[in-house]
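Structure first, then comments.
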Amino acid sequence: MTQNLQHIKSQFYRDENSTLWQRIFWNSLYMAFFLLPLDINLPTPFFIIAMVSGSVNIFKGDKGYEAKNKVLLLFPLYFLVLVGSLLYTENLSDGWGLIQRSLSLLIFPIIFLFVKEDALSVRKLFDFLLYGLLLSFFINLIMVKYETYEYLISLPGNESVWSLFSKGWAYFLEMQFSSLVNPGYISLYILLVLSYYLKKELTNFYRFATVFILFTYLFLLASKAAILALFLMTVLLIGSVQQKSKRFLLIFTLILGTIVFVSNPRITNGVNRNMSKMVEEVNPTISLSQRFLTWEAAAYAINEAPVFGYGIGDAHDVLIATYKKMGFQENYENRYNAHNQFLTTWLEAGVLGIFVLLSIFMCLAVYLRRSVNEFSVFLALLIALLFESMLVRFNGIVFFSIIVPLLLKERSILSSRVIRN
């Protein structure tokens, strides 16, 4: 028991040369990253604690400003552009609510200008995210198994064993596997963890089992954007392999893996509309055809106000009104957002907003061109923002405002060498 407690304590940030505020900052981030895949509300208090302790550390700690990281100032600039859009928005209540949720875009990048992270402290961010993903997987597995069991006992009693198995398996696959957190977010977390951990070979059973569970999780989540990102990431990684025999083996594995993923009925047949009411209310899923309609409506609305947009408070209301105007009834009834962060930003803050956001991603592409492994992470983030409006929910905003600035550091979190204290 004592050894287990010692092992748990060793996972947290305990640098003897650090200040109390630094320890609070990193350990709060660790807990927040652990809770990210478990619930949309649980990590919020820890992110707030991290913002407060990190801000205090700026004034109490070393003022070692790194000029090479001035690119991080693009995030506060993006935040200020959103604040400026309040001047011409009518729905100030919704706009102010989103500004409050977006405060981490202002605070965390400034904190990271002054925080010099060592390799161990950054690696632990991914460790805790991995622990949260594994726990999330087993929680969702139990929930879906229970739903499947309830479905099976509702069937007539004259079903054969094979019939029960085939119907149960089909029902299991068609269930939405993440009912607590948006599947797109979970998929992005998995892709980033895989990119970080697959830098090393699978040399032991624990590492192999972990990667297998994460791939299984991706399969069951059935996120088309994540599968596309995974395919492109794998192609890039295969292209970097020099040994021909190993490359052919990886190509064969990629083909088999693609067949397995595409065989998921939620990929081939779309969204299952027979999911439980509870799951639909907590985390509604949008089909690919509906997502195309949202993009069409968003583009139409942007064309009406391309320069300034509609302001951060009115953008979503205008999009909903456009659904009704264009006859997209299901999108209108479900009040879908644009499901594309670039379109959402253009609706909110016009040309200036989209220019700043694209500048962040252009800088990220330049920084992560250093290796195939790092550039594959850029692809995962880019595809995630192409298919989801990540910067409208607090969890998406705060994750973006932590991970991307760390990637833009002189030595990114995926680099083989990270700045030491």
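The way I read the labels, and the way they are meant: chains A, B, ... in the order of the structure tokens, residue 1 as the first residue of every chain, and ligand 1 as the first ligand shown, with later ones counted on from there.
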(message) List the spatial neighbours of Ser240 of chain A as number ranges by chain - criterion: any atom at most 10 Å away, only C-alpha atoms, same-chain residues fewer than 5 positions off excluded.
(response) A: 234-235, 247, 371-373
Quick one: write out the picked residues with N, CA, C and O atoms as a tab-separated table (two decimals), in the first residue's frame?
chain	number	residue	atom	x	y	z
A	234	THR	N	-0.65	8.02	-40.63
A	234	THR	CA	0.01	6.73	-40.86
A	234	THR	C	0.76	6.74	-42.19
A	234	THR	O	1.87	6.22	-42.28
A	235	VAL	N	0.15	7.32	-43.21
A	235	VAL	CA	0.82	7.42	-44.51
A	235	VAL	C	2.12	8.21	-44.39
A	235	VAL	O	3.16	7.83	-44.94
A	247	ARG	N	8.62	-1.23	-44.41
A	247	ARG	CA	7.65	-0.35	-45.04
A	247	ARG	C	6.51	-1.15	-45.66
A	247	ARG	O	5.34	-0.80	-45.52
A	371	SER	N	9.78	17.28	-38.16
A	371	SER	CA	9.78	15.83	-38.28
A	371	SER	C	8.40	15.37	-38.71
A	371	SER	O	7.40	16.08	-38.55
A	372	VAL	N	8.35	14.14	-39.28
A	372	VAL	CA	7.07	13.58	-39.72
A	372	VAL	C	6.15	13.41	-38.53
A	372	VAL	O	4.94	13.66	-38.62
A	373	ASN	N	6.70	12.98	-37.40
A	373	ASN	CA	5.89	12.75	-36.21
A	373	ASN	C	5.20	14.04	-35.76
A	373	ASN	O	4.02	14.06	-35.44
(message) Going by DSSP on the backbone, which residues of segment 120-361 of chain A come out as helix (DSSP H, G or I)? List them as a PyMOL selection string.
(response) chain A and resi 120-153+161-174+183-197+205-221+224-239+244-262+265-268+277-282+288-304+315-326+329-334+341-361
(request) Could you check which of A:Trp96, A:Tyr217, A:Trp295, A:Tyr310 is closest to Leu141 of chain A, using only C-alpha atoms? (result)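 Of the candidates, the smallest distance to Leu141 of chain A is held by A:Tyr217.
Straight-line separation from atom CA of Tyr332 of chain A to atom CA of Asp314 of chain A: 15.5 Å.
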(request) Show which residues sit within 9 Å of Ile99 of chain A, as a list in words. Count only C-alpha atoms, and ignore same-chain residues fewer than 2 positions away. (result) Phe79, Leu82, Val83, Asp94, Gly95, Trp96, Gly97, Arg101, Ser102, Leu103 and Ile312 of chain A
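Residue nearest Phe375 of chain A, chosen from A:Leu133, A:Val307, A:Leu192, A:Ile49 and counting only C-alpha atoms: A:Leu192.
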(request) Work out how far atom CA of Ser163 of chain A is from atom CA of Leu256 of chain A, in Å to one decimal. (result)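 So the answer is 27.0 Å.
Comparing the minimum interatomic distances between Gly239 of chain A and each of A:Ala222, A:Ile251, A:Ser93, A:Tyr149, counting only C-alpha atoms, we find that A:Ile251 sits nearest.
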Show me a table, sorted first by chain and then by increasing residue number, of the residues of segment 27-85 of chain A having an atom at most 8 Å from segment 165-185 of chain A, each with its shortest atom pair and the distance in Å to one decimal, counting only C-alpha atoms and written as CSV.
residue,atom,partner,partner_atom,distance
A:Pro37,CA,A:Val181,CA,6.5
A:Leu38,CA,A:Leu180,CA,6.8
A:Asp39,CA,A:Leu180,CA,5.5
A:Ile40,CA,A:Val181,CA,5.9
(request) Please measure the separation of atom CA of Ile255 of chain A and atom CA of Gln290 of chain A, giving the value in Å to one decimal. (result)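 These two atoms are separated by 28.6 Å.
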Hey, which bits of segment 31-82 of chain A sit within 9 Å of segment 388-409 of chain A, and for each residue what's the closest pair of atoms and how far apart in Å (one decimal), counting only C-alpha atoms, rows by chain and increasing number, as a Markdown table?
| residue | atom | partner | partner_atom | distance |
| --- | --- | --- | --- | --- |
| A:Phe33 | CA | A:Phe399 | CA | 8.6 |
| A:Leu36 | CA | A:Asn395 | CA | 7.4 |
| A:Ile40 | CA | A:Asn395 | CA | 6.6 |
| A:Asn41 | CA | A:Asn395 | CA | 8.2 |
| A:Pro43 | CA | A:Asn395 | CA | 8.1 |
| A:Thr44 | CA | A:Asn395 | CA | 7.6 |
| A:Phe47 | CA | A:Val398 | CA | 7.7 |
| A:Lys68 | CA | A:Lys409 | CA | 8.2 |
| A:Asn69 | CA | A:Lys409 | CA | 6.1 |
| A:Val71 | CA | A:Leu408 | CA | 7.6 |
| A:Leu72 | CA | A:Pro405 | CA | 6.1 |
| A:Phe75 | CA | A:Ser401 | CA | 7.7 |
Write the selection just made, keeping all heavy atoms, as a short mmCIF file (atom, residue, chain, number, x, y, z; two decimals), in the first residue's frame?
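Output (result-v8.cif):
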data_model
loop_
_atom_site.label_atom_id
_atom_site.label_comp_id
_atom_site.auth_asym_id
_atom_site.auth_seq_id
_atom_site.Cartn_x
_atom_site.Cartn_y
_atom_site.Cartn_z
N PHE A 33 -6.02 17.42 -17.14
CA PHE A 33 -5.83 16.56 -18.31
C PHE A 33 -6.33 15.14 -18.04
O PHE A 33 -6.85 14.48 -18.93
CB PHE A 33 -4.35 16.54 -18.71
CG PHE A 33 -4.01 17.59 -19.72
CD1 PHE A 33 -4.21 18.93 -19.45
CD2 PHE A 33 -3.50 17.25 -20.96
CE1 PHE A 33 -3.91 19.91 -20.37
CE2 PHE A 33 -3.19 18.21 -21.91
CZ PHE A 33 -3.40 19.55 -21.61
N LEU A 36 -10.14 15.37 -18.43
CA LEU A 36 -10.67 15.82 -19.73
C LEU A 36 -11.52 14.76 -20.45
O LEU A 36 -12.59 15.08 -20.97
CB LEU A 36 -9.52 16.25 -20.64
CG LEU A 36 -9.16 17.74 -20.68
CD1 LEU A 36 -7.95 17.95 -21.58
CD2 LEU A 36 -10.33 18.58 -21.17
N ILE A 40 -17.35 16.74 -19.13
CA ILE A 40 -17.13 18.09 -19.67
C ILE A 40 -16.97 19.13 -18.57
O ILE A 40 -16.47 20.22 -18.81
CB ILE A 40 -18.27 18.50 -20.62
CG1 ILE A 40 -19.62 18.47 -19.90
CG2 ILE A 40 -18.29 17.62 -21.85
CD1 ILE A 40 -20.77 18.98 -20.73
N ASN A 41 -17.41 18.81 -17.34
CA ASN A 41 -17.37 19.80 -16.25
C ASN A 41 -16.28 19.54 -15.22
O ASN A 41 -15.80 20.48 -14.58
CB ASN A 41 -18.73 19.84 -15.53
CG ASN A 41 -19.86 20.30 -16.44
OD1 ASN A 41 -19.70 21.26 -17.18
ND2 ASN A 41 -20.97 19.59 -16.42
N PRO A 43 -12.99 18.85 -15.23
CA PRO A 43 -11.66 19.50 -15.26
C PRO A 43 -11.69 21.01 -15.09
O PRO A 43 -10.65 21.61 -14.83
CB PRO A 43 -11.12 19.12 -16.64
CG PRO A 43 -12.31 18.85 -17.48
CD PRO A 43 -13.38 18.37 -16.57
N THR A 44 -12.87 21.63 -15.21
CA THR A 44 -12.95 23.09 -15.19
C THR A 44 -12.31 23.73 -13.96
O THR A 44 -11.51 24.67 -14.10
CB THR A 44 -14.41 23.55 -15.33
OG1 THR A 44 -14.96 23.02 -16.55
CG2 THR A 44 -14.50 25.06 -15.35
N PHE A 47 -8.50 23.70 -14.26
CA PHE A 47 -7.98 24.66 -15.24
C PHE A 47 -8.00 26.08 -14.67
O PHE A 47 -7.07 26.86 -14.91
CB PHE A 47 -8.82 24.60 -16.52
CG PHE A 47 -8.46 23.46 -17.44
CD1 PHE A 47 -9.44 22.58 -17.88
CD2 PHE A 47 -7.16 23.26 -17.85
CE1 PHE A 47 -9.12 21.53 -18.73
CE2 PHE A 47 -6.82 22.20 -18.70
CZ PHE A 47 -7.81 21.34 -19.14
N LYS A 68 11.97 34.39 -28.76
CA LYS A 68 11.64 33.50 -29.86
C LYS A 68 10.21 32.98 -29.77
O LYS A 68 9.71 32.39 -30.71
CB LYS A 68 12.62 32.33 -29.91
CG LYS A 68 14.02 32.73 -30.33
CD LYS A 68 14.91 31.53 -30.47
CE LYS A 68 16.33 31.93 -30.91
NZ LYS A 68 17.22 30.78 -31.07
N ASN A 69 9.57 33.16 -28.62
CA ASN A 69 8.22 32.65 -28.45
C ASN A 69 7.16 33.75 -28.59
O ASN A 69 6.04 33.58 -28.13
CB ASN A 69 8.08 31.98 -27.08
CG ASN A 69 8.83 30.66 -27.03
OD1 ASN A 69 8.86 29.92 -28.00
ND2 ASN A 69 9.47 30.40 -25.91
N VAL A 71 5.47 34.42 -30.96
CA VAL A 71 4.36 33.90 -31.74
C VAL A 71 3.18 33.56 -30.83
O VAL A 71 2.02 33.60 -31.27
CB VAL A 71 4.79 32.67 -32.56
CG1 VAL A 71 5.16 31.51 -31.66
CG2 VAL A 71 3.70 32.25 -33.55
N LEU A 72 3.45 33.28 -29.56
CA LEU A 72 2.37 32.97 -28.62
C LEU A 72 1.44 34.16 -28.40
O LEU A 72 0.31 33.99 -27.95
CB LEU A 72 2.94 32.51 -27.27
CG LEU A 72 3.81 31.26 -27.26
CD1 LEU A 72 4.09 30.81 -25.84
CD2 LEU A 72 3.16 30.12 -28.04
N PHE A 75 -2.31 34.39 -29.72
CA PHE A 75 -3.49 33.92 -28.99
C PHE A 75 -4.19 35.06 -28.26
O PHE A 75 -5.42 35.22 -28.39
CB PHE A 75 -3.10 32.80 -28.02
CG PHE A 75 -2.66 31.54 -28.70
CD1 PHE A 75 -1.35 31.38 -29.12
CD2 PHE A 75 -3.55 30.51 -28.93
CE1 PHE A 75 -0.95 30.22 -29.76
CE2 PHE A 75 -3.16 29.34 -29.57
CZ PHE A 75 -1.85 29.21 -29.99
#
(message) Ranking A:Thr258, A:Ser263, A:Ser121, A:Gln100 by minimum distance to Leu232 of chain A and counting only C-alpha atoms, which one comes first?
(response)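 With only C-alpha atoms as the atom set, the closest residue is A:Thr258.
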